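> Sharing a structure, written as structure tokens. Questions coming.
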Amino acid sequence: MALDWAECNAVESIPGKVSGAWVFRGTRIPVSAVFANLEDGLTIDQIVQMFEGLTSDQVKSVLDFAAQSLEASTPRH
């Protein structure tokens with residue numbers, strides 16, 4: 001199931017801005033970059049240091065949104 005990023009206040013998608021990809025609001029930093037770097041073993045602090053203009057609060061907001069969305073979509077038995 002795909003996440004509905006339109007429901008997350010920390011991100012935006014604007015046609016013509018980074019090809020319409022979901023980016024952190026007010027930046028050109030794709031949300032996918034955070035997940036890719038986490039997958040590679042980086043910490044939130046390391047990721048924030050890599051991307052100028054990105055804050056740990058923004059990253060945590062996106063991660064919380066993703067976790068809550070996945071919990072809501074998991075069937076309970």
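Ordering of the structure tokens sets the chain letters (A, B, ...), residue numbers begin anew at 1 in every chain, and ligands are numbered from 1 in the order given.
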Give me the residues near segment 4-12 of chain A as a PyMOL selection string, where near means some atom within 10 Å (using only C-alpha atoms) and where sequence neighbours in that chain fewer than 4 positions away do not count.
chain A and resi 17+20-31+57-62+64-66+69
> Filtering to N, CA and C atoms, could you give me those residues as a PDB file, in the first residue's frame?

```
ATOM      1  N   LYS A  17       8.806  21.214  -9.782  1.00  0.00           N
ATOM      2  CA  LYS A  17       9.818  21.308  -8.720  1.00  0.00           C
ATOM      3  C   LYS A  17      10.293  19.884  -8.433  1.00  0.00           C
ATOM      4  N   GLY A  20       8.138  17.082  -9.647  1.00  0.00           N
ATOM      5  CA  GLY A  20       6.901  16.765  -8.928  1.00  0.00           C
ATOM      6  C   GLY A  20       7.064  15.748  -7.825  1.00  0.00           C
ATOM      7  N   ALA A  21       8.299  15.377  -7.507  1.00  0.00           N
ATOM      8  CA  ALA A  21       8.556  14.414  -6.431  1.00  0.00           C
ATOM      9  C   ALA A  21       8.134  15.014  -5.086  1.00  0.00           C
ATOM     10  N   TRP A  22       7.839  14.145  -4.130  1.00  0.00           N
ATOM     11  CA  TRP A  22       7.541  14.620  -2.778  1.00  0.00           C
ATOM     12  C   TRP A  22       8.844  15.075  -2.148  1.00  0.00           C
ATOM     13  N   VAL A  23       8.865  16.337  -1.734  1.00  0.00           N
ATOM     14  CA  VAL A  23      10.048  16.935  -1.114  1.00  0.00           C
ATOM     15  C   VAL A  23       9.651  17.521   0.244  1.00  0.00           C
ATOM     16  N   PHE A  24      10.644  17.756   1.072  1.00  0.00           N
ATOM     17  CA  PHE A  24      10.380  18.417   2.344  1.00  0.00           C
ATOM     18  C   PHE A  24       9.943  19.844   2.053  1.00  0.00           C
ATOM     19  N   ARG A  25       8.868  20.256   2.704  1.00  0.00           N
ATOM     20  CA  ARG A  25       8.258  21.565   2.456  1.00  0.00           C
ATOM     21  C   ARG A  25       9.316  22.668   2.519  1.00  0.00           C
ATOM     22  N   GLY A  26       9.314  23.517   1.486  1.00  0.00           N
ATOM     23  CA  GLY A  26      10.238  24.651   1.438  1.00  0.00           C
ATOM     24  C   GLY A  26      11.647  24.292   0.985  1.00  0.00           C
ATOM     25  N   THR A  27      11.855  23.037   0.552  1.00  0.00           N
ATOM     26  CA  THR A  27      13.186  22.609   0.097  1.00  0.00           C
ATOM     27  C   THR A  27      13.050  21.911  -1.254  1.00  0.00           C
ATOM     28  N   ARG A  28      14.174  21.449  -1.750  1.00  0.00           N
ATOM     29  CA  ARG A  28      14.205  20.612  -2.950  1.00  0.00           C
ATOM     30  C   ARG A  28      14.717  19.217  -2.577  1.00  0.00           C
ATOM     31  N   ILE A  29      14.639  18.877  -1.310  1.00  0.00           N
ATOM     32  CA  ILE A  29      15.163  17.607  -0.810  1.00  0.00           C
ATOM     33  C   ILE A  29      14.072  16.538  -0.890  1.00  0.00           C
ATOM     34  N   PRO A  30      14.267  15.529  -1.748  1.00  0.00           N
ATOM     35  CA  PRO A  30      13.259  14.482  -1.871  1.00  0.00           C
ATOM     36  C   PRO A  30      13.125  13.646  -0.588  1.00  0.00           C
ATOM     37  N   VAL A  31      11.901  13.321  -0.258  1.00  0.00           N
ATOM     38  CA  VAL A  31      11.644  12.462   0.905  1.00  0.00           C
ATOM     39  C   VAL A  31      12.364  11.130   0.719  1.00  0.00           C
ATOM     40  N   ASP A  57      13.520  17.687  12.977  1.00  0.00           N
ATOM     41  CA  ASP A  57      12.071  17.687  13.199  1.00  0.00           C
ATOM     42  C   ASP A  57      11.321  17.302  11.922  1.00  0.00           C
ATOM     43  N   GLN A  58      11.779  17.798  10.777  1.00  0.00           N
ATOM     44  CA  GLN A  58      11.143  17.430   9.512  1.00  0.00           C
ATOM     45  C   GLN A  58      11.278  15.931   9.250  1.00  0.00           C
ATOM     46  N   VAL A  59      12.474  15.410   9.453  1.00  0.00           N
ATOM     47  CA  VAL A  59      12.713  13.984   9.223  1.00  0.00           C
ATOM     48  C   VAL A  59      11.855  13.151  10.167  1.00  0.00           C
ATOM     49  N   LYS A  60      11.843  13.518  11.439  1.00  0.00           N
ATOM     50  CA  LYS A  60      11.053  12.771  12.418  1.00  0.00           C
ATOM     51  C   LYS A  60       9.562  12.835  12.087  1.00  0.00           C
ATOM     52  N   SER A  61       9.096  13.972  11.598  1.00  0.00           N
ATOM     53  CA  SER A  61       7.696  14.117  11.227  1.00  0.00           C
ATOM     54  C   SER A  61       7.346  13.144  10.100  1.00  0.00           C
ATOM     55  N   VAL A  62       8.206  13.045   9.100  1.00  0.00           N
ATOM     56  CA  VAL A  62       7.965  12.139   7.980  1.00  0.00           C
ATOM     57  C   VAL A  62       8.012  10.681   8.443  1.00  0.00           C
ATOM     58  N   ASP A  64       7.422   9.553  11.487  1.00  0.00           N
ATOM     59  CA  ASP A  64       6.225   9.317  12.309  1.00  0.00           C
ATOM     60  C   ASP A  64       5.000   9.124  11.426  1.00  0.00           C
ATOM     61  N   PHE A  65       4.873   9.950  10.390  1.00  0.00           N
ATOM     62  CA  PHE A  65       3.741   9.831   9.475  1.00  0.00           C
ATOM     63  C   PHE A  65       3.750   8.459   8.803  1.00  0.00           C
ATOM     64  N   ALA A  66       4.910   8.046   8.325  1.00  0.00           N
ATOM     65  CA  ALA A  66       5.016   6.749   7.650  1.00  0.00           C
ATOM     66  C   ALA A  66       4.662   5.617   8.614  1.00  0.00           C
ATOM     67  N   SER A  69       0.903   5.614   9.327  1.00  0.00           N
ATOM     68  CA  SER A  69       0.154   5.178   8.151  1.00  0.00           C
ATOM     69  C   SER A  69       0.252   3.662   7.981  1.00  0.00           C
TER      70      SER A  69
END
```
> Between atom CA of Gln68 of chain A and atom CA of Leu42 of chain A, measure the distance and give it in Å to one decimal.
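Between these atoms lies a distance of 21.9 Å.
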> As a count of residues only, list the residues of chain A assigned to helix (DSSP H, G or I) by DSSP on the backbone atoms of this structure.
40
> Among chain A, which residues does DSSP mark as strand (DSSP E or B) when it is run on the backbone? Keep the chain and numbering as in the structure and answer as a list of chain:residue names.
A:Val11, A:Glu12, A:Val23, A:Phe24, A:Pro30
> Mind pulling up the distance from atom CA of Gln49 of chain A to atom CA of Ser13 of chain A?
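For atom CA of Ser13 of chain A relative to atom CA of Gln49 of chain A, the distance reads 23.0 Å.
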